[in-house]
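K.L.:
This is the structure, below, for whatever I ask next.
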Amino acid sequence: MVPRKGILVDKPYERLTREQVELVHRASMQILTAPGLISFNREAVDILHSHGAAVESIVGDHQSWQVKIPEQLVLKALDTAPKTVKLGARNPDNALIMHGDEPRVYLITGSETNIWLDVDFPTYVNKADSTKEIRVPEFKPRRGTVDDLCQSAHVCEHLEMVDGYIRTVNIQDRDITEENKDVNKFFASLNNNTKHFMSGLTSLKQLDNVVRMAELIAGGKKALEDNPIISFITCLVKSPLQFVEDTTDTFIEVCRRGLPIVVSSSPQAGTTAPIKEAGIMAQINAEVLAGITLGQLVKPGAPVLYGSVPVRARMDTLGDSYGSVETSQYNIDCVQMARFYRLPNYSTSGVCDSKIPGQQSSIERLFSDIVVAMSGPQYLHCAFGLLDCNSVFCLLQAVLDDAHFKMIEFFLRQPRIDQRELEAMLKQIREVVATPQKLYISYIRPLLRSGEISGIYPFEGNGEADDVFELAYEQMKELLARPVEHIDRETTARIFEEIPGILPRLNIYERES
Amino acid sequence: MSEDIIATIKENVIQGRKTQVDMGIDEGLEGTPGVVELTQQALEVNVSPQLIITEGLTAGMQVVGEKYSTKEYFIPDMLASAESVGAAMDILKPILESSNVETKGKFAIATVKGDIHDIGKNIVAILLKGAGYEVHDLGTDVPTEKVVEFVKEEKPGYLGLSALLTTTMTEMGVVITALEENKLRSNVKVLIGGAAVSDEFAQEIGADAYCIDGFQAVKVLEAFDIAKE
């Protein structure tokens, strides 16, 4: 088994000095003891208390406790947390191996949106000259369905730069309920995509069912341990500094099972965290460390990712502004903090404020995709296809994002300048200068098809027309027409037999017969 | 035998292999004869030069052109193929001349006075040679008098003028006026190209055509040939 290559960043971009990183660490430690966290989850309180955290009950409508986590507890957790985390895959060659101190970037889709954006290309005729026609993309939003999720997983299977899959659309069919949502989203994704699959849980009651489904696909309990084809993400922390009751339950249960999980915190600078960089950094780092500490107390060695989704507030609405420049700064800082602890990092880029694909979307997402990728997070949730602050998913945008990441991947390649290369170049220069035409063109040919020369923009149109969307749309259709490797018939039959609630229409073998 | 060698010439034109040291595109070709060696071998076994040109070189370039238009090939591929055809034409030229076979025509090309840029000019020269034209490259920063002198003495059917700069493009008009003054304008078709010029500018100065690149130059010349017929 050879894991996916990802993008190995040669010299990761860093905003913070070592001294600033240590200052943030110190401030986070101070936050964890004063004020500490408020926990709405009783079990988390008990676990932390039994290991030396000071706990005090808070009087209010909801039962909660003030928990002060001593520094040595955090340091011990940082010691036991794995520095290398493997995320397996249905196709073992799609596994991701993340070392906390190696800036190898894996590009991941997601996260979940409620709205699916359809694309159509109606023809418009010029009022002044009816012989002139143009096709303009029209985007139509609608509620996401399980079929959409299958399509998204299918296309992302074929997108070259996508290393792992977080579902991109919330399934809102009439026959989807809170009870059957988890099994259907896991099955739809796993059945149409052989890359690693990460998801949140809608209902903790379904954890056993989705883990059993993963065991059946991986080949048993031990096989799933060796090749964890699924992992989880929970926002157990609500900013500022609160353990949420239900997501913390999920977090504890997943840690108990030893499956990989992201400890994610998503404070909004300006509202749920200080707007100043030093403040949001100290707080988000404290929040993530608190989660990691809890996880390691539940099961020392539980595979956790340092998850950071910081964002700045919009000043006009106080909504999230993922397109703001500061959002990228916070994310890069978090990558540095995770590397300081040698923990694999889940980071965020590419989320934009724009509501439809277009110039704003491209500028916002490319800006953060480039700079955050340069900082070298291991698990970069880079919002393939997502728009409108993660509330809309558009397959066409995902196809565009894949092309843009190919350019970023090429840019981040290591420079190849060494003595041998330079000697060859000196020879070439001398040879060409001695010719009458003085052109180096003939030396290009051996490199043309070797991948050493970057390609032209794949959606470049002819002439002056901007055909980007139409060409990307054609590619999207071509990707959808390619087959995917579904879960085999026998395993599918066992899954439908053992796991209740999966929609019969998702069984492709039954559909065929 | 002759069919085999012609087919191999065609294939090596497609691969853009001038000589045996060239790699081409497919693997394992390095060390096998290229277009130059194969042309010599063909002549040794008495294959007619016309057959080498039409069924080997031109047929190969036809395929290369198609591959370029479908974006399978890039300009360096086209140039490599054109260079290999050009080298074969150098071998065939004396034989064609001695047997009074006409080439596609004589094409003089120059970067005008004051302008030393020659990348585009050189590429056009390679492509035209590969397309079967007898190309005479007069160089860069060429004085108008030298161009007029060449047209008078060598009588090329076509003259290509290149300029990169807006400050030197006006020299193209000067050359055309000089050709008119020397009563040579009707003898030669003038094609212009270069980053600074355009179709409108070609019309303004009385050139016969503006070519955006070497491929268009080949097409324009073919259109002239058809018009002549």
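Residues are named by chain letter and number: chains run A, B, ... in the order of the structure tokens, numbers start at 1 in each chain, and ligands are numbered from 1 in the order shown.
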May I have the residues of chain A within 8 Å of chain B, counting only C-alpha atoms, written as a list in words?

P.N.:
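Selected residues: Gln437, Leu439, Ile441, Ser442, Ile444, Arg445 and Pro446 of chain A.
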
K.L.:
Check region 161-227 of chain B with DSSP on the backbone and list each residue it calls helix (DSSP H, G or I), as an MDAnalysis selection string.

P.N.:
chainID B and resid 170:181 185:187 199:205 214:227

K.L.:
Could you write out the selected residues, including N, CA and C atoms, as an mmCIF file, in the first residue's frame?

P.N.:
```
data_model
loop_
_atom_site.group_PDB
_atom_site.id
_atom_site.type_symbol
_atom_site.label_atom_id
_atom_site.label_comp_id
_atom_site.auth_asym_id
_atom_site.auth_seq_id
_atom_site.Cartn_x
_atom_site.Cartn_y
_atom_site.Cartn_z
ATOM 1 N N THR B 170 6.418 50.828 -38.494
ATOM 2 C CA THR B 170 6.222 51.756 -39.619
ATOM 3 C C THR B 170 7.213 51.471 -40.751
ATOM 4 N N GLU B 171 8.329 50.818 -40.404
ATOM 5 C CA GLU B 171 9.317 50.474 -41.434
ATOM 6 C C GLU B 171 8.726 49.535 -42.481
ATOM 7 N N MET B 172 7.707 48.784 -42.081
ATOM 8 C CA MET B 172 7.074 47.867 -43.039
ATOM 9 C C MET B 172 6.451 48.660 -44.191
ATOM 10 N N GLY B 173 5.806 49.767 -43.824
ATOM 11 C CA GLY B 173 5.220 50.652 -44.840
ATOM 12 C C GLY B 173 6.306 51.238 -45.732
ATOM 13 N N VAL B 174 7.438 51.552 -45.115
ATOM 14 C CA VAL B 174 8.562 52.120 -45.872
ATOM 15 C C VAL B 174 9.046 51.105 -46.915
ATOM 16 N N VAL B 175 9.136 49.834 -46.514
ATOM 17 C CA VAL B 175 9.584 48.786 -47.443
ATOM 18 C C VAL B 175 8.603 48.664 -48.609
ATOM 19 N N ILE B 176 7.313 48.664 -48.292
ATOM 20 C CA ILE B 176 6.296 48.513 -49.357
ATOM 21 C C ILE B 176 6.372 49.695 -50.334
ATOM 22 N N THR B 177 6.526 50.898 -49.799
ATOM 23 C CA THR B 177 6.655 52.088 -50.656
ATOM 24 C C THR B 177 7.893 51.960 -51.546
ATOM 25 N N ALA B 178 8.982 51.489 -50.954
ATOM 26 C CA ALA B 178 10.226 51.340 -51.723
ATOM 27 C C ALA B 178 10.057 50.307 -52.837
ATOM 28 N N LEU B 179 9.317 49.228 -52.543
ATOM 29 C CA LEU B 179 9.064 48.219 -53.589
ATOM 30 C C LEU B 179 8.254 48.833 -54.727
ATOM 31 N N GLU B 180 7.266 49.664 -54.339
ATOM 32 C CA GLU B 180 6.450 50.333 -55.366
ATOM 33 C C GLU B 180 7.308 51.267 -56.206
ATOM 34 N N GLU B 181 8.177 52.037 -55.543
ATOM 35 C CA GLU B 181 9.032 53.000 -56.254
ATOM 36 C C GLU B 181 9.978 52.291 -57.223
ATOM 37 N N ARG B 185 6.597 45.923 -56.669
ATOM 38 C CA ARG B 185 5.510 45.532 -55.759
ATOM 39 C C ARG B 185 4.623 44.442 -56.345
ATOM 40 N N SER B 186 4.352 44.526 -57.647
ATOM 41 C CA SER B 186 3.445 43.544 -58.242
ATOM 42 C C SER B 186 4.096 42.165 -58.393
ATOM 43 N N ASN B 187 5.423 42.099 -58.212
ATOM 44 C CA ASN B 187 6.109 40.804 -58.366
ATOM 45 C C ASN B 187 6.066 39.959 -57.094
ATOM 46 N N ASP B 199 -4.366 43.261 -38.629
ATOM 47 C CA ASP B 199 -5.001 43.211 -39.938
ATOM 48 C C ASP B 199 -5.223 44.626 -40.479
ATOM 49 N N GLU B 200 -5.702 45.488 -39.581
ATOM 50 C CA GLU B 200 -5.980 46.876 -39.989
ATOM 51 C C GLU B 200 -4.703 47.545 -40.469
ATOM 52 N N PHE B 201 -3.627 47.312 -39.722
ATOM 53 C CA PHE B 201 -2.356 47.946 -40.089
ATOM 54 C C PHE B 201 -1.880 47.426 -41.453
ATOM 55 N N ALA B 202 -2.087 46.123 -41.696
ATOM 56 C CA ALA B 202 -1.685 45.543 -42.990
ATOM 57 C C ALA B 202 -2.411 46.251 -44.129
ATOM 58 N N GLN B 203 -3.707 46.489 -43.916
ATOM 59 C CA GLN B 203 -4.478 47.177 -44.964
ATOM 60 C C GLN B 203 -3.993 48.615 -45.140
ATOM 61 N N GLU B 204 -3.709 49.232 -44.005
ATOM 62 C CA GLU B 204 -3.272 50.638 -44.015
ATOM 63 C C GLU B 204 -2.006 50.828 -44.852
ATOM 64 N N ILE B 205 -1.059 49.914 -44.722
ATOM 65 C CA ILE B 205 0.225 50.092 -45.419
ATOM 66 C C ILE B 205 0.255 49.378 -46.768
ATOM 67 N N GLY B 214 2.902 31.569 -37.556
ATOM 68 C CA GLY B 214 3.439 30.813 -38.679
ATOM 69 C C GLY B 214 2.419 29.907 -39.342
ATOM 70 N N PHE B 215 1.501 29.390 -38.530
ATOM 71 C CA PHE B 215 0.500 28.490 -39.102
ATOM 72 C C PHE B 215 -0.419 29.248 -40.053
ATOM 73 N N GLN B 216 -0.745 30.473 -39.646
ATOM 74 C CA GLN B 216 -1.592 31.271 -40.531
ATOM 75 C C GLN B 216 -0.816 31.643 -41.793
ATOM 76 N N ALA B 217 0.477 31.857 -41.641
ATOM 77 C CA ALA B 217 1.296 32.187 -42.815
ATOM 78 C C ALA B 217 1.221 31.049 -43.836
ATOM 79 N N VAL B 218 1.305 29.801 -43.350
ATOM 80 C CA VAL B 218 1.211 28.650 -44.260
ATOM 81 C C VAL B 218 -0.150 28.646 -44.961
ATOM 82 N N LYS B 219 -1.192 28.919 -44.187
ATOM 83 C CA LYS B 219 -2.548 28.915 -44.768
ATOM 84 C C LYS B 219 -2.704 30.024 -45.805
ATOM 85 N N VAL B 220 -2.167 31.208 -45.482
ATOM 86 C CA VAL B 220 -2.272 32.345 -46.398
ATOM 87 C C VAL B 220 -1.565 32.013 -47.709
ATOM 88 N N LEU B 221 -0.386 31.422 -47.604
ATOM 89 C CA LEU B 221 0.361 31.079 -48.820
ATOM 90 C C LEU B 221 -0.385 30.039 -49.641
ATOM 91 N N GLU B 222 -0.984 29.071 -48.954
ATOM 92 C CA GLU B 222 -1.763 28.050 -49.675
ATOM 93 C C GLU B 222 -2.941 28.705 -50.403
ATOM 94 N N ALA B 223 -3.556 29.696 -49.742
ATOM 95 C CA ALA B 223 -4.685 30.404 -50.361
ATOM 96 C C ALA B 223 -4.211 31.177 -51.598
ATOM 97 N N PHE B 224 -3.016 31.775 -51.509
ATOM 98 C CA PHE B 224 -2.447 32.476 -52.669
ATOM 99 C C PHE B 224 -2.238 31.497 -53.820
ATOM 100 N N ASP B 225 -1.704 30.300 -53.472
ATOM 101 C CA ASP B 225 -1.440 29.291 -54.500
ATOM 102 C C ASP B 225 -2.728 28.872 -55.189
ATOM 103 N N ILE B 226 -3.776 28.662 -54.392
ATOM 104 C CA ILE B 226 -5.072 28.260 -54.960
ATOM 105 C C ILE B 226 -5.603 29.362 -55.877
ATOM 106 N N ALA B 227 -5.456 30.629 -55.414
ATOM 107 C CA ALA B 227 -5.938 31.763 -56.213
ATOM 108 C C ALA B 227 -5.194 31.828 -57.549
#
```

K.L.:
Would you return as a PDB file with C-alpha atoms, in the first residue's frame the members of region 66-144 of chain B that DSSP assigns to strand (DSSP E) on this structure's backbone?

P.N.:
```
ATOM      1  CA  LYS B 106      10.722  31.307 -52.808  1.00  0.00           C
ATOM      2  CA  PHE B 107       9.992  33.137 -49.542  1.00  0.00           C
ATOM      3  CA  ALA B 108      12.199  35.966 -48.260  1.00  0.00           C
ATOM      4  CA  ILE B 109      11.794  36.889 -44.605  1.00  0.00           C
ATOM      5  CA  ALA B 110      13.268  39.732 -42.537  1.00  0.00           C
ATOM      6  CA  THR B 111      12.847  41.676 -39.318  1.00  0.00           C
ATOM      7  CA  VAL B 112      12.669  45.308 -40.419  1.00  0.00           C
ATOM      8  CA  GLU B 134      12.409  27.787 -50.198  1.00  0.00           C
ATOM      9  CA  VAL B 135      13.071  30.173 -47.342  1.00  0.00           C
ATOM     10  CA  HIS B 136      15.690  32.933 -47.465  1.00  0.00           C
ATOM     11  CA  ASP B 137      16.207  34.489 -44.060  1.00  0.00           C
ATOM     12  CA  LEU B 138      17.635  37.994 -44.468  1.00  0.00           C
ATOM     13  CA  GLY B 139      18.111  38.408 -40.715  1.00  0.00           C
ATOM     14  CA  THR B 140      17.181  41.181 -38.267  1.00  0.00           C
ATOM     15  CA  ASP B 141      17.472  44.981 -38.447  1.00  0.00           C
ATOM     16  CA  VAL B 142      17.493  44.648 -42.232  1.00  0.00           C
TER      17      VAL B 142
END
```

K.L.:
So that I can see what lies close to Leu191 (chain B), please list as a list of chain:residue names the residues with an atom at most 9 Å from it, counting only C-alpha atoms and leaving out residues fewer than 5 positions away in the same chain.

P.N.:
B:Tyr158, B:Leu159, B:Gly160, B:Leu161, B:Ser162, B:Ala202, B:Ala207, B:Asp208, B:Ala209, B:Tyr210, B:Cys211, B:Ala217, B:Val220

K.L.:
Just the residues within 10 Å of Gly376 (chain A), please, counting only C-alpha atoms, with nothing from its chain fewer than 2 positions along; format it as an MDAnalysis selection string.

P.N.:
chainID A and resid 7:14 101:106 332 335:336 339 345 347 371:374 378:380

K.L.:
For the residues in the current selection, export C-alpha atoms as an mmCIF file, in the first residue's frame.

P.N.:
```cif
data_model
loop_
_atom_site.group_PDB
_atom_site.id
_atom_site.type_symbol
_atom_site.label_atom_id
_atom_site.label_comp_id
_atom_site.auth_asym_id
_atom_site.auth_seq_id
_atom_site.Cartn_x
_atom_site.Cartn_y
_atom_site.Cartn_z
ATOM 1 C CA ILE A 7 1.579 18.089 -1.757
ATOM 2 C CA LEU A 8 4.816 18.143 0.213
ATOM 3 C CA VAL A 9 5.556 21.798 0.933
ATOM 4 C CA ASP A 10 9.268 22.414 0.834
ATOM 5 C CA LYS A 11 9.528 25.425 3.103
ATOM 6 C CA PRO A 12 6.167 26.073 4.763
ATOM 7 C CA TYR A 13 5.088 29.685 4.947
ATOM 8 C CA GLU A 14 4.953 30.857 8.561
ATOM 9 C CA ASP A 101 5.886 17.535 11.749
ATOM 10 C CA GLU A 102 5.746 16.967 7.982
ATOM 11 C CA PRO A 103 4.044 19.682 5.900
ATOM 12 C CA ARG A 104 2.435 17.261 3.443
ATOM 13 C CA VAL A 105 -0.903 18.706 2.403
ATOM 14 C CA TYR A 106 -3.891 16.522 1.585
ATOM 15 C CA ILE A 332 -2.061 29.791 8.921
ATOM 16 C CA VAL A 335 -1.222 25.386 11.231
ATOM 17 C CA GLN A 336 1.854 26.664 13.036
ATOM 18 C CA ARG A 339 3.070 21.882 14.072
ATOM 19 C CA ASN A 345 -3.707 19.700 11.481
ATOM 20 C CA SER A 347 -7.236 23.460 8.366
ATOM 21 C CA VAL A 371 -1.593 30.969 1.146
ATOM 22 C CA VAL A 372 -3.026 28.342 3.481
ATOM 23 C CA ALA A 373 -1.693 25.463 1.341
ATOM 24 C CA MET A 374 1.720 27.143 1.463
ATOM 25 C CA GLN A 378 -1.812 18.031 6.684
ATOM 26 C CA TYR A 379 -5.575 17.843 6.158
ATOM 27 C CA LEU A 380 -6.759 20.883 4.258
#
```

K.L.:
So that I can check the surroundings of region 193-195 of chain A, please list as a short mmCIF file (atom, residue, chain, number, x, y, z; two decimals) with N, CA and C atoms, in the first residue's frame every protein, DNA and RNA residue that reaches within 12 Å of it, counting only C-alpha atoms and ignoring chain neighbours fewer than 6 positions away.

P.N.:
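Result went into around-v3.cif, see below:
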```
data_model
loop_
_atom_site.label_atom_id
_atom_site.label_comp_id
_atom_site.auth_asym_id
_atom_site.auth_seq_id
_atom_site.Cartn_x
_atom_site.Cartn_y
_atom_site.Cartn_z
N PRO A 3 0.49 5.28 0.24
CA PRO A 3 -0.53 6.30 0.47
C PRO A 3 -0.50 7.37 -0.62
N ARG A 4 -1.54 8.18 -0.65
CA ARG A 4 -1.57 9.29 -1.62
C ARG A 4 -0.41 10.24 -1.34
N LEU A 87 -5.40 7.87 7.90
CA LEU A 87 -6.79 7.81 7.50
C LEU A 87 -6.86 6.86 6.31
N GLY A 88 -7.52 5.74 6.52
CA GLY A 88 -7.55 4.72 5.47
C GLY A 88 -8.56 5.04 4.38
N ALA A 89 -8.74 4.08 3.48
CA ALA A 89 -9.66 4.30 2.36
C ALA A 89 -10.12 2.97 1.80
N ARG A 90 -11.31 2.98 1.16
CA ARG A 90 -11.81 1.75 0.51
C ARG A 90 -10.76 1.22 -0.44
N ASN A 91 -10.18 2.10 -1.24
CA ASN A 91 -9.02 1.71 -2.04
C ASN A 91 -7.79 2.06 -1.21
N PRO A 92 -7.06 1.05 -0.72
CA PRO A 92 -5.96 1.34 0.20
C PRO A 92 -4.92 2.30 -0.38
N ASP A 93 -4.84 2.39 -1.70
CA ASP A 93 -3.90 3.34 -2.30
C ASP A 93 -4.34 4.79 -2.12
N ASN A 94 -5.56 4.97 -1.65
CA ASN A 94 -6.04 6.33 -1.38
C ASN A 94 -5.88 6.72 0.10
N ALA A 95 -5.15 5.89 0.87
CA ALA A 95 -4.97 6.21 2.29
C ALA A 95 -4.16 7.49 2.45
N LEU A 96 -4.38 8.15 3.57
CA LEU A 96 -3.65 9.39 3.87
C LEU A 96 -2.84 9.14 5.14
N TYR A 106 -2.86 17.28 2.28
CA TYR A 106 -3.89 16.52 1.59
C TYR A 106 -5.10 17.44 1.41
N LEU A 107 -5.69 17.39 0.23
CA LEU A 107 -6.79 18.30 -0.10
C LEU A 107 -8.13 17.56 0.04
N ILE A 108 -9.02 18.16 0.81
CA ILE A 108 -10.25 17.47 1.19
C ILE A 108 -11.46 18.33 0.83
N THR A 109 -12.57 17.66 0.48
CA THR A 109 -13.79 18.39 0.12
C THR A 109 -14.55 18.80 1.38
N LEU A 149 -25.82 13.80 -3.32
CA LEU A 149 -24.64 13.37 -2.56
C LEU A 149 -23.90 12.27 -3.34
N CYS A 150 -24.68 11.35 -3.94
CA CYS A 150 -24.05 10.29 -4.75
C CYS A 150 -23.27 10.91 -5.91
N GLN A 151 -23.89 11.89 -6.58
CA GLN A 151 -23.23 12.55 -7.72
C GLN A 151 -21.96 13.26 -7.28
N SER A 152 -22.06 13.95 -6.17
CA SER A 152 -20.91 14.69 -5.67
C SER A 152 -19.76 13.74 -5.34
N ALA A 153 -20.09 12.64 -4.64
CA ALA A 153 -19.06 11.65 -4.28
C ALA A 153 -18.44 11.05 -5.54
N HIS A 154 -19.29 10.83 -6.53
CA HIS A 154 -18.87 10.26 -7.81
C HIS A 154 -17.87 11.19 -8.51
N VAL A 155 -18.23 12.45 -8.64
CA VAL A 155 -17.32 13.40 -9.33
C VAL A 155 -16.03 13.57 -8.53
N CYS A 156 -16.16 13.67 -7.20
CA CYS A 156 -14.95 13.87 -6.38
C CYS A 156 -14.03 12.65 -6.42
N GLU A 157 -14.59 11.48 -6.69
CA GLU A 157 -13.75 10.30 -6.89
C GLU A 157 -12.79 10.53 -8.07
N HIS A 158 -13.30 11.21 -9.08
CA HIS A 158 -12.50 11.39 -10.29
C HIS A 158 -11.71 12.70 -10.31
N LEU A 159 -11.96 13.58 -9.37
CA LEU A 159 -11.17 14.82 -9.34
C LEU A 159 -9.78 14.48 -8.80
N GLU A 160 -8.80 14.71 -9.63
CA GLU A 160 -7.44 14.27 -9.37
C GLU A 160 -6.86 14.82 -8.06
N MET A 161 -7.17 16.09 -7.77
CA MET A 161 -6.53 16.73 -6.62
C MET A 161 -7.24 16.44 -5.31
N VAL A 162 -8.43 15.88 -5.38
CA VAL A 162 -9.18 15.57 -4.15
C VAL A 162 -8.57 14.32 -3.51
N ASP A 163 -8.04 14.49 -2.29
CA ASP A 163 -7.40 13.35 -1.61
C ASP A 163 -8.37 12.62 -0.69
N GLY A 164 -9.37 13.34 -0.19
CA GLY A 164 -10.31 12.72 0.73
C GLY A 164 -11.66 13.40 0.61
N TYR A 165 -12.70 12.71 1.08
CA TYR A 165 -14.05 13.21 0.86
C TYR A 165 -14.78 13.49 2.18
N ILE A 166 -15.17 14.72 2.36
CA ILE A 166 -16.15 15.07 3.39
C ILE A 166 -17.41 15.39 2.60
N ARG A 167 -18.55 14.87 3.01
CA ARG A 167 -19.76 15.04 2.18
C ARG A 167 -20.02 16.52 1.98
N PHE A 186 -23.47 8.04 5.00
CA PHE A 186 -22.24 7.22 4.96
C PHE A 186 -22.28 6.27 3.77
N PHE A 187 -23.42 5.60 3.56
CA PHE A 187 -23.46 4.62 2.48
C PHE A 187 -23.36 5.30 1.11
N ILE A 217 -17.31 -3.08 5.10
CA ILE A 217 -16.62 -2.65 3.86
C ILE A 217 -15.12 -2.92 3.97
N ALA A 218 -14.54 -2.61 5.15
CA ALA A 218 -13.09 -2.75 5.32
C ALA A 218 -12.67 -4.22 5.44
N ASN A 227 -7.10 -0.06 8.70
CA ASN A 227 -7.42 0.78 7.55
C ASN A 227 -8.71 1.56 7.86
N PRO A 228 -8.60 2.58 8.72
CA PRO A 228 -9.82 3.30 9.12
C PRO A 228 -10.39 4.11 7.96
N ILE A 229 -11.31 3.48 7.22
CA ILE A 229 -11.83 4.11 6.01
C ILE A 229 -12.75 5.29 6.31
N ILE A 230 -13.18 5.36 7.57
CA ILE A 230 -14.01 6.51 7.97
C ILE A 230 -13.37 7.21 9.16
N SER A 231 -13.67 8.49 9.27
CA SER A 231 -13.28 9.24 10.47
C SER A 231 -14.39 10.25 10.75
N PRO A 483 -17.26 5.53 -14.94
CA PRO A 483 -17.78 4.65 -13.89
C PRO A 483 -17.04 4.84 -12.56
N VAL A 484 -17.68 4.47 -11.48
CA VAL A 484 -16.98 4.44 -10.19
C VAL A 484 -17.02 3.01 -9.66
N GLU A 485 -16.07 2.72 -8.81
CA GLU A 485 -16.00 1.37 -8.25
C GLU A 485 -16.92 1.32 -7.02
N HIS A 486 -18.09 0.72 -7.21
CA HIS A 486 -19.04 0.64 -6.09
C HIS A 486 -18.62 -0.48 -5.14
N ILE A 487 -19.20 -0.47 -3.96
CA ILE A 487 -19.01 -1.57 -3.01
C ILE A 487 -19.56 -2.84 -3.68
#
```

K.L.:
Compile the contact shell of Glu44 (chain B) as an MDAnalysis selection string: residues with an atom at most 12 Å away, counting only C-alpha atoms, same-chain residues fewer than 5 positions apart removed.

P.N.:
chainID B and resid 1:2 5 37:39 49

K.L.:
Have a look at A:Gly200, A:Pro137, A:Pro240, A:Gly295 and name the one nearest to Gly110 (chain A); count only C-alpha atoms.

P.N.:
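The closest residue to Gly110 (chain A) is A:Gly200.
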
K.L.:
If you count only C-alpha atoms, which residues fall within 10 Å of Glu498 (chain A), apart from same-chain ones fewer than 2 positions away, as a VMD selection string?

P.N.:
chain A and resid 209 212 to 213 216 492 to 496 500 to 501

K.L.:
Next, dump the selected residues to file, keeping only C-alpha atoms, as a PDB file, in the first residue's frame.

P.N.:
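Once everything was written out, this is out33.pdb:
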```pdb
ATOM      1  CA  ASN A 209     -24.445   1.296  12.650  1.00  0.00           C
ATOM      2  CA  ARG A 212     -20.484  -1.660  11.550  1.00  0.00           C
ATOM      3  CA  MET A 213     -21.004  -0.551   7.946  1.00  0.00           C
ATOM      4  CA  LEU A 216     -18.214  -4.723   6.623  1.00  0.00           C
ATOM      5  CA  THR A 492     -23.764  -4.430  -0.303  1.00  0.00           C
ATOM      6  CA  ALA A 493     -26.187  -7.253   0.446  1.00  0.00           C
ATOM      7  CA  ARG A 494     -24.712  -7.701   3.941  1.00  0.00           C
ATOM      8  CA  ILE A 495     -24.876  -3.959   4.619  1.00  0.00           C
ATOM      9  CA  PHE A 496     -28.550  -3.820   3.628  1.00  0.00           C
ATOM     10  CA  PRO A 500     -31.348  -0.655   9.130  1.00  0.00           C
ATOM     11  CA  GLY A 501     -32.608   2.476   7.437  1.00  0.00           C
TER      12      GLY A 501
END
```

K.L.:
Find, counting only C-alpha atoms, the residue in B:Leu51, B:Ile9, B:Val21, B:Met169 that gets nearest to Val35 (chain B).

P.N.:
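Of the candidates, the smallest distance to Val35 (chain B) is held by B:Ile9.
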
K.L.:
Tell me which of A:Val263, A:Gln30, A:Gln172, A:Asn192 sits closest to Pro303 (chain A), counting only C-alpha atoms.

P.N.:
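Going through A:Val263, A:Gln30, A:Gln172, A:Asn192 one by one, the smallest distance to Pro303 (chain A) is for A:Val263.
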